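Below: my_file09.txt (compact mmCIF, C-alpha atoms)
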```txt
# COMPACT_ATOMS: atom_id res chain seq x y z
CA MET X 19 68.16 79.81 99.45
CA THR X 20 71.63 81.31 98.97
CA ASP X 21 73.87 81.60 102.03
CA PRO X 22 73.83 85.30 102.99
CA LEU X 23 77.33 84.99 104.48
CA PRO X 24 79.20 82.69 102.07
CA LEU X 25 82.59 84.08 103.13
CA THR X 26 82.35 83.49 106.88
CA GLY X 27 85.84 82.65 108.12
CA LYS X 28 87.58 84.04 105.02
CA ARG X 29 90.19 86.78 105.30
CA VAL X 30 91.23 89.15 102.52
CA LEU X 31 94.24 91.44 102.44
CA ALA X 32 93.72 94.76 100.64
CA PHE X 33 96.47 97.20 99.76
CA ALA X 34 96.13 100.93 100.40
CA GLY X 35 98.34 103.92 99.77
CA ASP X 36 98.07 107.56 98.86
CA ILE X 37 96.00 108.30 95.78
CA TYR X 38 94.22 104.93 95.76
CA GLU X 39 90.96 104.84 93.76
CA ASP X 40 88.35 105.41 96.47
CA LEU X 41 85.56 103.23 95.04
CA GLU X 42 87.91 100.39 94.06
CA LEU X 43 88.97 99.94 97.68
CA TRP X 44 85.79 100.77 99.59
CA TYR X 45 83.15 99.06 97.45
CA PRO X 46 84.93 95.64 97.48
CA LYS X 47 85.88 96.00 101.15
CA LEU X 48 82.29 96.63 102.20
CA ARG X 49 80.87 93.99 99.83
CA LEU X 50 83.29 91.35 101.15
CA ILE X 51 82.42 92.25 104.75
CA GLU X 52 78.73 92.05 103.83
CA ALA X 53 79.37 88.50 102.57
CA GLY X 54 81.02 87.54 105.88
CA ALA X 55 84.74 88.03 105.16
CA GLU X 56 87.23 89.93 107.27
CA VAL X 57 89.17 92.53 105.26
CA VAL X 58 92.53 93.82 106.49
CA ILE X 59 93.83 97.02 104.92
CA ALA X 60 97.63 97.17 104.73
CA GLY X 61 99.70 100.18 103.78
CA GLN X 62 103.39 100.88 103.94
CA GLU X 63 102.76 102.05 107.51
CA ALA X 64 100.28 100.76 110.09
CA ALA X 65 97.55 103.08 111.38
CA LYS X 66 98.36 105.68 108.73
CA LYS X 67 95.70 107.75 106.99
CA TYR X 68 95.93 107.45 103.22
CA MET X 69 93.93 109.80 101.02
CA GLY X 70 92.05 108.47 98.04
CA LYS X 71 92.23 109.96 94.57
CA ASN X 72 88.86 111.58 95.20
CA GLY X 73 89.66 112.63 98.77
CA TYR X 74 88.15 109.78 100.79
CA PRO X 75 90.47 108.71 103.63
CA CYS X 76 91.44 105.18 104.61
CA VAL X 77 93.38 104.26 107.74
CA SER X 78 95.51 101.13 107.36
CA ASP X 79 94.99 98.32 109.83
CA SER X 80 98.53 97.00 109.44
CA ALA X 81 101.86 97.51 107.71
CA ILE X 82 102.52 95.58 104.51
CA ASN X 83 105.84 94.33 105.91
CA ASP X 84 103.98 92.62 108.77
CA MET X 85 101.63 90.69 106.48
CA ARG X 86 101.88 86.96 105.73
CA SER X 87 99.99 85.41 102.84
CA THR X 88 99.35 82.31 104.95
CA ASP X 89 97.03 84.39 107.15
CA PHE X 90 94.69 85.21 104.24
CA ASP X 91 92.52 83.61 101.59
CA GLY X 92 93.06 86.31 98.99
CA VAL X 93 94.44 89.71 98.10
CA LEU X 94 92.75 92.79 96.63
CA CYS X 95 94.76 95.22 94.48
CA PRO X 96 92.72 98.42 94.00
CA GLY X 97 93.62 100.96 91.36
CA GLY X 98 94.32 104.66 91.30
CA PHE X 99 97.86 106.02 91.22
CA MET X 100 98.81 104.00 94.33
CA PRO X 101 99.68 100.79 92.43
CA ASP X 102 102.50 102.54 90.57
CA LYS X 103 104.25 103.09 93.92
CA LEU X 104 103.35 99.80 95.59
CA ARG X 105 104.46 97.75 92.56
CA ARG X 106 108.02 98.76 93.50
CA ASP X 107 107.73 97.35 97.04
CA PRO X 108 109.45 93.93 97.22
CA LYS X 109 107.11 92.78 100.02
CA VAL X 110 104.01 93.57 97.92
CA LEU X 111 105.45 91.55 95.04
CA SER X 112 106.42 88.69 97.33
CA LEU X 113 102.93 88.55 98.84
CA ILE X 114 101.22 88.55 95.45
CA ASN X 115 103.57 85.78 94.27
CA GLU X 116 102.72 83.71 97.34
CA PHE X 117 98.96 84.17 96.86
CA ALA X 118 99.24 83.19 93.19
CA ALA X 119 101.46 80.16 93.86
CA ALA X 120 99.07 78.92 96.57
CA GLY X 121 96.05 79.18 94.26
CA LYS X 122 94.48 81.90 96.42
CA LEU X 123 92.44 84.81 95.11
CA VAL X 124 94.47 87.52 93.37
CA ALA X 125 92.00 90.29 92.50
CA ALA X 126 92.96 93.49 90.67
CA ILE X 127 90.86 96.29 89.28
CA CYS X 128 91.78 99.09 86.88
CA HIS X 129 95.42 100.14 87.43
CA GLY X 130 95.65 97.67 90.34
CA GLY X 131 96.78 95.18 87.69
CA TRP X 132 100.19 96.86 87.76
CA MET X 133 100.97 95.03 91.01
CA PRO X 134 100.43 91.48 89.66
CA ILE X 135 102.23 92.54 86.46
CA SER X 136 105.31 93.53 88.48
CA ALA X 137 104.97 90.35 90.56
CA LYS X 138 105.19 88.44 87.25
CA VAL X 139 102.13 86.26 87.94
CA TYR X 140 100.03 87.08 84.86
CA ARG X 141 101.87 85.12 82.14
CA GLY X 142 99.22 83.08 80.31
CA VAL X 143 96.39 84.38 82.52
CA ARG X 144 93.20 85.81 81.01
CA VAL X 145 92.69 89.30 82.49
CA THR X 146 91.16 92.70 81.99
CA GLY X 147 92.06 96.06 83.46
CA SER X 148 92.04 99.73 82.64
CA PRO X 149 92.51 100.22 78.90
CA GLY X 150 95.44 102.43 79.96
CA ILE X 151 97.39 99.35 81.08
CA LYS X 152 96.28 96.98 78.31
CA ASP X 153 99.75 97.09 76.70
CA ASP X 154 101.39 96.49 80.09
CA LEU X 155 99.18 93.46 80.67
CA GLU X 156 99.88 92.02 77.24
CA ASN X 157 103.63 92.72 77.55
CA ALA X 158 103.55 90.79 80.85
CA GLY X 159 102.20 87.78 78.97
CA ALA X 160 98.56 88.13 80.01
CA ILE X 161 95.70 87.43 77.62
CA TRP X 162 93.64 90.65 77.45
CA GLU X 163 89.84 90.61 77.38
CA ASP X 164 87.62 93.68 77.29
CA ALA X 165 84.96 92.62 79.81
CA PRO X 166 83.52 93.96 83.08
CA ALA X 167 85.18 91.14 85.01
CA VAL X 168 87.37 88.21 84.02
CA THR X 169 87.98 85.13 86.15
CA ASP X 170 90.78 82.73 85.27
CA ARG X 171 91.11 80.12 88.02
CA HIS X 172 91.92 82.19 91.17
CA PHE X 173 92.68 85.40 89.28
CA VAL X 174 89.89 87.99 89.09
CA SER X 175 90.28 91.28 87.25
CA SER X 176 88.12 94.21 86.27
CA ARG X 177 88.39 97.43 84.25
CA LYS X 178 86.91 100.37 86.19
CA PRO X 179 84.58 101.49 88.99
CA ASP X 180 81.48 100.96 86.83
CA ASP X 181 82.38 97.24 86.76
CA LEU X 182 82.50 96.86 90.55
CA PRO X 183 79.27 94.82 90.88
CA ASP X 184 80.64 92.18 88.45
CA PHE X 185 84.09 92.34 90.04
CA CYS X 186 82.74 91.76 93.53
CA ARG X 187 80.47 88.89 92.46
CA ALA X 188 83.49 87.22 90.81
CA MET X 189 85.69 87.69 93.90
CA ILE X 190 82.99 86.26 96.16
CA ALA X 191 82.51 83.27 93.84
CA VAL X 192 86.23 82.46 93.86
CA LEU X 193 86.58 82.89 97.63
CA ALA X 194 83.44 80.83 98.32
CA SER X 195 84.79 77.98 96.18
CA GLN X 196 88.15 77.76 97.99
```

Show this structure as structure tokens.
Amino acid sequence: MTDPLPLTGKRVLAFAGDIYEDLELWYPKLRLIEAGAEVVIAGQEAAKKYMGKNGYPCVSDSAINDMRSTDFDGVLCPGGFMPDKLRRDPKVLSLINEFAAAGKLVAAICHGGWMPISAKVYRGVRVTGSPGIKDDLENAGAIWEDAPAVTDRHFVSSRKPDDLPDFCRAMIAVLASQ
């Protein structure tokens, strides 16, 4: 029988900001919690309400500047228009670099891939993402694949909300193996 809570004791940091893609934050958050993980939502301000692209609100648990990669087992980079702003935040880039260097989960879906691109951690990594950022991924040195989810070591990526079941299974597999 499969362990119903394979992620017990695991902690995942998820980024949030205005105009995040609602499903790409909430579906993975709830699926990770269902598997036993703790998910901490960090925005540029703590306890701030951020509105999703489709109007669903999310209140941040903490401020990005207060986060330490050593407190987590992985990071989730949802899409929407939010990543275009957060990719300019030096702390976001530093955190993603630390997760990547430590061999911890770096998960990005759709336009969320902009954050690892700007953190310069995708060179030589097999990834997917929104077709709208395919050129950005390739220009960052990533190896593009058109697939629902791509796992390359501790990097997990996905294209769009329809791929969320595959994306979440891949994240859980990586976290459970760490």

Just the number, please: distance in Å from CA of Gly92 in chain X to CA of Ala125 in chain X, one decimal.
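Computing the Euclidean distance for CA of Gly92 in chain X and CA of Ala125 in chain X yields 7.7 Å.
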
Long-range neighbours of Gly27 in chain X as a list in words, 8 Å cut-off, all atoms listed in the file, 6 positions minimum in chain:
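Counting only the stated atoms, we get Gly54, Ala55 and Glu56 of chain X.
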
Q: For Trp132 in chain X, work out the shell of residues within 7 Å, counting all atoms listed in the file and skipping chain neighbours fewer than 2 positions away, then give it as a PyMOL selection string.
A: chain X and resi 101-102+105+129-130+134-136

Could you name the residues that touch Cys128 in chain X at 8 Å or less, counting all atoms listed in the file, but leaving out those on the same chain fewer than 6 positions away, as a VMD selection string? chain X and resid 96 to 98 147 to 148 175 to 179

Q | Residue nearest Asp36 in chain X among X:Lys103, X:Pro24, X:Ala81, X:Ser87 (counting all atoms listed in the file) | A |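 Counting all atoms listed in the file, the residue closest to Asp36 in chain X is X:Lys103.
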
Check your understanding: Restricting the calculation to all atoms listed in the file, which member of X:Lys66, X:Lys122, X:Lys109, X:Arg49 is positioned closest to Met85 in chain X?
Key ->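 Closest residue, counting all atoms listed in the file: X:Lys109.
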
Task: Interatomic distance, CA of Asp181 in chain X to CA of Pro166 in chain X (Å, one decimal) - done: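 These atoms are spaced 5.1 Å apart.
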
query = Please, which residues are within 9 Å of (99.2, 82.8, 83.3) by the file's coordinates, counting only C-alpha atoms, and could they come as a list of chain:residue names?
reply =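 Residues lying no farther than 9 Å from the given point: X:Val139, X:Tyr140, X:Arg141, X:Gly142, X:Val143, X:Arg144, X:Gly159, X:Ala160, X:Ile161, X:Asp170.
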
Exercise for review: Find the distance between CA of Ala32 in chain X and CA of Leu111 in chain X and write it in Å to one decimal.
Suggested key: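 Between CA of Ala32 in chain X and CA of Leu111 in chain X the gap works out to 13.4 Å.
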
Can you put N, CA, C and O atoms back into range 75-87 of chain X and show it as an mmCIF file, keeping the file's coordinate frame?
```cif
data_model
loop_
_atom_site.group_PDB
_atom_site.id
_atom_site.type_symbol
_atom_site.label_atom_id
_atom_site.label_comp_id
_atom_site.auth_asym_id
_atom_site.auth_seq_id
_atom_site.Cartn_x
_atom_site.Cartn_y
_atom_site.Cartn_z
ATOM 1 N N PRO X 75 89.359 109.275 102.865
ATOM 2 C CA PRO X 75 90.470 108.710 103.630
ATOM 3 C C PRO X 75 90.294 107.233 103.960
ATOM 4 O O PRO X 75 89.181 106.726 104.019
ATOM 5 N N CYS X 76 91.408 106.576 104.168
ATOM 6 C CA CYS X 76 91.440 105.180 104.610
ATOM 7 C C CYS X 76 92.592 105.049 105.592
ATOM 8 O O CYS X 76 93.719 105.452 105.290
ATOM 9 N N VAL X 77 92.329 104.492 106.753
ATOM 10 C CA VAL X 77 93.380 104.260 107.740
ATOM 11 C C VAL X 77 93.770 102.781 107.658
ATOM 12 O O VAL X 77 92.910 101.888 107.761
ATOM 13 N N SER X 78 95.044 102.519 107.473
ATOM 14 C CA SER X 78 95.510 101.130 107.360
ATOM 15 C C SER X 78 95.408 100.425 108.694
ATOM 16 O O SER X 78 95.648 101.007 109.751
ATOM 17 N N ASP X 79 95.048 99.162 108.632
ATOM 18 C CA ASP X 79 94.990 98.320 109.830
ATOM 19 C C ASP X 79 96.380 97.836 110.225
ATOM 20 O O ASP X 79 96.658 97.630 111.407
ATOM 21 N N SER X 80 97.218 97.613 109.221
ATOM 22 C CA SER X 80 98.530 97.000 109.440
ATOM 23 C C SER X 80 99.525 97.523 108.413
ATOM 24 O O SER X 80 99.146 98.144 107.424
ATOM 25 N N ALA X 81 100.785 97.187 108.654
ATOM 26 C CA ALA X 81 101.860 97.510 107.710
ATOM 27 C C ALA X 81 102.058 96.329 106.761
ATOM 28 O O ALA X 81 101.994 95.162 107.184
ATOM 29 N N ILE X 82 102.294 96.628 105.508
ATOM 30 C CA ILE X 82 102.520 95.580 104.510
ATOM 31 C C ILE X 82 103.633 94.637 104.956
ATOM 32 O O ILE X 82 103.511 93.415 104.825
ATOM 33 N N ASN X 83 104.709 95.179 105.502
ATOM 34 C CA ASN X 83 105.840 94.330 105.910
ATOM 35 C C ASN X 83 105.494 93.327 107.001
ATOM 36 O O ASN X 83 106.207 92.345 107.182
ATOM 37 N N ASP X 84 104.396 93.553 107.710
ATOM 38 C CA ASP X 84 103.980 92.620 108.770
ATOM 39 C C ASP X 84 103.016 91.551 108.277
ATOM 40 O O ASP X 84 102.608 90.680 109.044
ATOM 41 N N MET X 85 102.633 91.609 107.013
ATOM 42 C CA MET X 85 101.630 90.690 106.480
ATOM 43 C C MET X 85 102.268 89.376 106.035
ATOM 44 O O MET X 85 103.401 89.340 105.567
ATOM 45 N N ARG X 86 101.482 88.295 106.198
ATOM 46 C CA ARG X 86 101.880 86.960 105.730
ATOM 47 C C ARG X 86 100.736 86.404 104.897
ATOM 48 O O ARG X 86 99.584 86.385 105.356
ATOM 49 N N SER X 87 101.034 85.930 103.722
ATOM 50 C CA SER X 87 99.990 85.410 102.840
ATOM 51 C C SER X 87 99.268 84.217 103.470
ATOM 52 O O SER X 87 98.089 83.992 103.185
#
```
